[in-house]
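All remarks here apply to the structure that follows.
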Amino acid sequence: MQETQTNNLLNKKVGAMLVATGILSRVMALQEYAVKKYEITPEQYLVLSIIMDAGTELYQRQISEITYKDRPNVSRIINILENQGLVKRIEDVNKRKIFKIAITQKGIELRKKIQPTMYELRAVTTEGISNEDLEKTLKILEKMQLNMVDKVKLQI
């Protein structure tokens, strides 16, 4: 009986801690971007990074799947980035209405400018946490994602 109560309390706390950590991380990044007067948001930076790290153009659907964001949200982000000249749409050779998204040189330069700030924010977030604990945490979070991914119906 006692073990069941402990597990229930831990399960409730895990969800609350994940949400609170995500919110604090997002707010910290938004505040730092405002201080440094970056012309994009952390969310837009994430999309730039995903495209650049892929080393190739990506379909909007792929970006949605990687970020767990719905297509309208990703489309809005891509439109903003495209209007700023940070990404471009490339017509898919096989399908007339489908485009791949590629990062431009301007996007690459902006990402390089912002990247040190992201490293600083990660350093603040992980301060006092050993590499071993970080690796264990990442494995646990990955396992939690795997536990949920088949049970969630995302509109991607």
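Here, A, B, ... name the chains of the structure tokens in the order displayed, residue numbers run from 1 inside each chain, and ligands are numbered from 1 in the same displayed order.
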Check: Looking only at the backbone, which of the residues in chain A does DSSP tag as strand (DSSP E), as JSON, numbers by chain?
Finding: {"A": [58, 59, 87, 88, 89, 90, 91, 99, 100, 101, 102, 103]}
Practice prompt. Would you mind listing what lies within 12 Å of region 55-70 of chain A as an NGL selection string, with only C-alpha atoms counted and same-chain residues fewer than 4 positions away left out?
Written response: :A and (43-51 or 74-79 or 87-92 or 95 or 97-104 or 108 or 145 or 149 or 152-156)
Selection to disk with N, CA, C and O atoms, as a short mmCIF file (atom, residue, chain, number, x, y, z; two decimals), in the first residue's frame:
data_model
loop_
_atom_site.label_atom_id
_atom_site.label_comp_id
_atom_site.auth_asym_id
_atom_site.auth_seq_id
_atom_site.Cartn_x
_atom_site.Cartn_y
_atom_site.Cartn_z
N GLU A 43 12.09 29.31 -30.55
CA GLU A 43 11.33 28.32 -31.33
C GLU A 43 11.77 28.36 -32.80
O GLU A 43 11.95 27.32 -33.44
N GLN A 44 11.97 29.56 -33.33
CA GLN A 44 12.43 29.71 -34.71
C GLN A 44 13.88 29.24 -34.84
O GLN A 44 14.26 28.61 -35.83
N TYR A 45 14.68 29.52 -33.82
CA TYR A 45 16.07 29.04 -33.80
C TYR A 45 16.11 27.51 -33.86
O TYR A 45 16.93 26.93 -34.55
N LEU A 46 15.21 26.87 -33.13
CA LEU A 46 15.14 25.41 -33.12
C LEU A 46 14.93 24.87 -34.53
O LEU A 46 15.60 23.93 -34.96
N VAL A 47 14.02 25.48 -35.27
CA VAL A 47 13.76 25.03 -36.64
C VAL A 47 14.99 25.24 -37.52
O VAL A 47 15.37 24.36 -38.29
N LEU A 48 15.64 26.40 -37.38
CA LEU A 48 16.89 26.63 -38.14
C LEU A 48 17.92 25.55 -37.81
O LEU A 48 18.57 25.01 -38.70
N SER A 49 18.07 25.25 -36.54
CA SER A 49 19.06 24.26 -36.11
C SER A 49 18.75 22.87 -36.64
O SER A 49 19.66 22.15 -37.06
N ILE A 50 17.49 22.51 -36.62
CA ILE A 50 17.09 21.19 -37.12
C ILE A 50 17.44 21.05 -38.60
O ILE A 50 18.00 20.03 -39.02
N ILE A 51 17.15 22.08 -39.37
CA ILE A 51 17.46 22.03 -40.80
C ILE A 51 18.96 21.98 -41.01
O ILE A 51 19.47 21.16 -41.79
N VAL A 74 4.32 24.91 -37.61
CA VAL A 74 5.60 24.85 -38.33
C VAL A 74 5.54 25.71 -39.59
O VAL A 74 6.50 26.41 -39.92
N SER A 75 4.41 25.70 -40.26
CA SER A 75 4.24 26.53 -41.46
C SER A 75 4.40 28.01 -41.12
O SER A 75 5.06 28.76 -41.85
N ARG A 76 3.81 28.43 -40.01
CA ARG A 76 3.93 29.82 -39.55
C ARG A 76 5.39 30.17 -39.28
O ARG A 76 5.88 31.22 -39.72
N ILE A 77 6.10 29.28 -38.60
CA ILE A 77 7.52 29.51 -38.29
C ILE A 77 8.33 29.61 -39.58
O ILE A 77 9.17 30.50 -39.75
N ILE A 78 8.09 28.69 -40.49
CA ILE A 78 8.82 28.68 -41.77
C ILE A 78 8.54 29.95 -42.56
O ILE A 78 9.45 30.55 -43.15
N ASN A 79 7.28 30.40 -42.57
CA ASN A 79 6.93 31.64 -43.27
C ASN A 79 7.71 32.83 -42.71
O ASN A 79 8.23 33.66 -43.46
N VAL A 87 15.52 30.98 -44.41
CA VAL A 87 15.28 29.68 -45.06
C VAL A 87 14.65 29.96 -46.42
O VAL A 87 14.17 31.06 -46.69
N LYS A 88 14.66 28.95 -47.27
CA LYS A 88 13.98 29.06 -48.55
C LYS A 88 13.27 27.74 -48.84
O LYS A 88 13.68 26.68 -48.37
N ARG A 89 12.20 27.87 -49.59
CA ARG A 89 11.46 26.69 -50.02
C ARG A 89 12.03 26.25 -51.37
O ARG A 89 12.24 27.07 -52.25
N ILE A 90 12.23 24.96 -51.48
CA ILE A 90 12.74 24.39 -52.72
C ILE A 90 11.69 23.42 -53.24
O ILE A 90 11.26 22.51 -52.52
N GLU A 91 11.28 23.63 -54.47
CA GLU A 91 10.25 22.78 -55.05
C GLU A 91 10.75 21.34 -55.14
O GLU A 91 11.86 21.08 -55.59
N ASP A 92 9.92 20.41 -54.68
CA ASP A 92 10.25 19.00 -54.76
C ASP A 92 10.15 18.55 -56.22
O ASP A 92 9.19 18.89 -56.91
N LYS A 95 6.88 16.28 -56.74
CA LYS A 95 5.53 16.74 -56.41
C LYS A 95 5.47 18.25 -56.54
O LYS A 95 6.24 18.96 -55.91
N LYS A 97 3.30 20.56 -55.46
CA LYS A 97 2.86 21.42 -54.36
C LYS A 97 3.61 21.16 -53.05
O LYS A 97 3.27 21.73 -52.03
N ILE A 98 4.61 20.31 -53.10
CA ILE A 98 5.36 20.01 -51.89
C ILE A 98 6.75 20.64 -52.01
O ILE A 98 7.38 20.56 -53.06
N PHE A 99 7.17 21.25 -50.91
CA PHE A 99 8.47 21.93 -50.91
C PHE A 99 9.35 21.37 -49.82
O PHE A 99 8.88 20.93 -48.78
N LYS A 100 10.64 21.41 -50.08
CA LYS A 100 11.63 21.14 -49.05
C LYS A 100 12.07 22.48 -48.50
O LYS A 100 12.03 23.49 -49.20
N ILE A 101 12.49 22.48 -47.25
CA ILE A 101 12.93 23.70 -46.60
C ILE A 101 14.44 23.62 -46.43
O ILE A 101 14.96 22.64 -45.90
N ALA A 102 15.13 24.66 -46.89
CA ALA A 102 16.59 24.70 -46.80
C ALA A 102 17.01 25.97 -46.06
O ALA A 102 16.36 27.01 -46.18
N ILE A 103 18.08 25.89 -45.33
CA ILE A 103 18.61 27.06 -44.64
C ILE A 103 19.46 27.85 -45.63
O ILE A 103 20.15 27.28 -46.47
N THR A 104 19.38 29.16 -45.54
CA THR A 104 20.17 30.04 -46.41
C THR A 104 21.48 30.39 -45.71
O THR A 104 21.66 30.11 -44.51
N ILE A 108 22.38 30.40 -41.75
CA ILE A 108 23.56 29.74 -41.17
C ILE A 108 24.32 30.73 -40.29
O ILE A 108 24.72 30.41 -39.17
N GLN A 145 9.48 9.13 -23.49
CA GLN A 145 8.93 9.45 -24.81
C GLN A 145 8.49 8.20 -25.54
O GLN A 145 7.41 8.18 -26.14
N VAL A 149 4.80 7.78 -27.15
CA VAL A 149 4.68 8.11 -28.56
C VAL A 149 3.58 7.32 -29.28
O VAL A 149 2.87 7.89 -30.11
N VAL A 152 -0.16 8.67 -28.27
CA VAL A 152 -0.54 10.05 -28.54
C VAL A 152 -0.84 10.19 -30.01
O VAL A 152 -0.08 9.75 -30.86
N LYS A 153 -1.95 10.81 -30.32
CA LYS A 153 -2.33 11.08 -31.71
C LYS A 153 -2.00 12.53 -32.01
O LYS A 153 -2.73 13.44 -31.65
N LEU A 154 -0.85 12.74 -32.64
CA LEU A 154 -0.44 14.09 -33.01
C LEU A 154 -0.98 14.43 -34.39
O LEU A 154 -0.98 13.59 -35.29
N GLN A 155 -1.39 15.66 -34.56
CA GLN A 155 -1.88 16.15 -35.86
C GLN A 155 -0.70 16.70 -36.66
O GLN A 155 -0.58 17.89 -36.84
N ILE A 156 0.14 15.80 -37.12
CA ILE A 156 1.34 16.22 -37.87
C ILE A 156 1.14 15.94 -39.33
O ILE A 156 0.61 14.98 -39.75
#
Sort by chain and increasing residue number a table of all residues of region 79-124 of chain A within 10 Å of region 26-29 of chain A, each with its closest pair of atoms and their distance in Å to one decimal, counting only C-alpha atoms, and write it as a Markdown table.
| residue | atom | partner | partner_atom | distance |
| --- | --- | --- | --- | --- |
| A:Thr117 | CA | A:Ala29 | CA | 8.8 |
| A:Met118 | CA | A:Ala29 | CA | 7.9 |
| A:Leu121 | CA | A:Ala29 | CA | 7.1 |
| A:Arg122 | CA | A:Ala29 | CA | 9.8 |
| A:Val124 | CA | A:Met28 | CA | 9.9 |
Could those residues be written to a file, using all heavy atoms, as an mmCIF file, in the first residue's frame?
data_model
loop_
_atom_site.group_PDB
_atom_site.id
_atom_site.type_symbol
_atom_site.label_atom_id
_atom_site.label_comp_id
_atom_site.auth_asym_id
_atom_site.auth_seq_id
_atom_site.Cartn_x
_atom_site.Cartn_y
_atom_site.Cartn_z
ATOM 1 N N THR A 117 24.959 31.546 -27.238
ATOM 2 C CA THR A 117 23.949 31.855 -26.219
ATOM 3 C C THR A 117 23.219 30.587 -25.803
ATOM 4 O O THR A 117 22.957 30.368 -24.612
ATOM 5 C CB THR A 117 22.943 32.898 -26.754
ATOM 6 O OG1 THR A 117 23.656 34.097 -27.051
ATOM 7 C CG2 THR A 117 21.852 33.182 -25.739
ATOM 8 N N MET A 118 22.899 29.740 -26.771
ATOM 9 C CA MET A 118 22.221 28.490 -26.442
ATOM 10 C C MET A 118 23.116 27.600 -25.578
ATOM 11 O O MET A 118 22.639 26.964 -24.632
ATOM 12 C CB MET A 118 21.781 27.763 -27.715
ATOM 13 C CG MET A 118 20.727 28.520 -28.505
ATOM 14 S SD MET A 118 19.287 29.025 -27.530
ATOM 15 C CE MET A 118 18.573 27.441 -27.133
ATOM 16 N N LEU A 121 22.998 28.984 -22.080
ATOM 17 C CA LEU A 121 21.745 28.638 -21.413
ATOM 18 C C LEU A 121 21.745 27.175 -20.967
ATOM 19 O O LEU A 121 21.282 26.849 -19.869
ATOM 20 C CB LEU A 121 20.552 28.923 -22.325
ATOM 21 C CG LEU A 121 20.293 30.400 -22.635
ATOM 22 C CD1 LEU A 121 19.215 30.550 -23.696
ATOM 23 C CD2 LEU A 121 19.923 31.171 -21.382
ATOM 24 N N ARG A 122 22.277 26.304 -21.808
ATOM 25 C CA ARG A 122 22.372 24.883 -21.419
ATOM 26 C C ARG A 122 23.315 24.711 -20.238
ATOM 27 O O ARG A 122 23.061 23.884 -19.353
ATOM 28 C CB ARG A 122 22.848 24.042 -22.599
ATOM 29 C CG ARG A 122 21.781 23.877 -23.648
ATOM 30 C CD ARG A 122 22.236 23.001 -24.780
ATOM 31 N NE ARG A 122 21.326 23.166 -25.917
ATOM 32 C CZ ARG A 122 21.695 23.175 -27.175
ATOM 33 N NH1 ARG A 122 22.961 22.992 -27.492
ATOM 34 N NH2 ARG A 122 20.821 23.338 -28.127
ATOM 35 N N VAL A 124 23.840 26.879 -17.843
ATOM 36 C CA VAL A 124 23.097 27.316 -16.662
ATOM 37 C C VAL A 124 22.129 26.214 -16.227
ATOM 38 O O VAL A 124 22.036 25.870 -15.048
ATOM 39 C CB VAL A 124 22.315 28.631 -16.950
ATOM 40 C CG1 VAL A 124 21.317 28.939 -15.844
ATOM 41 C CG2 VAL A 124 23.283 29.782 -17.143
#
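Going from CA of Ile140 (chain A) to CA of Glu127 (chain A) covers 19.0 Å.
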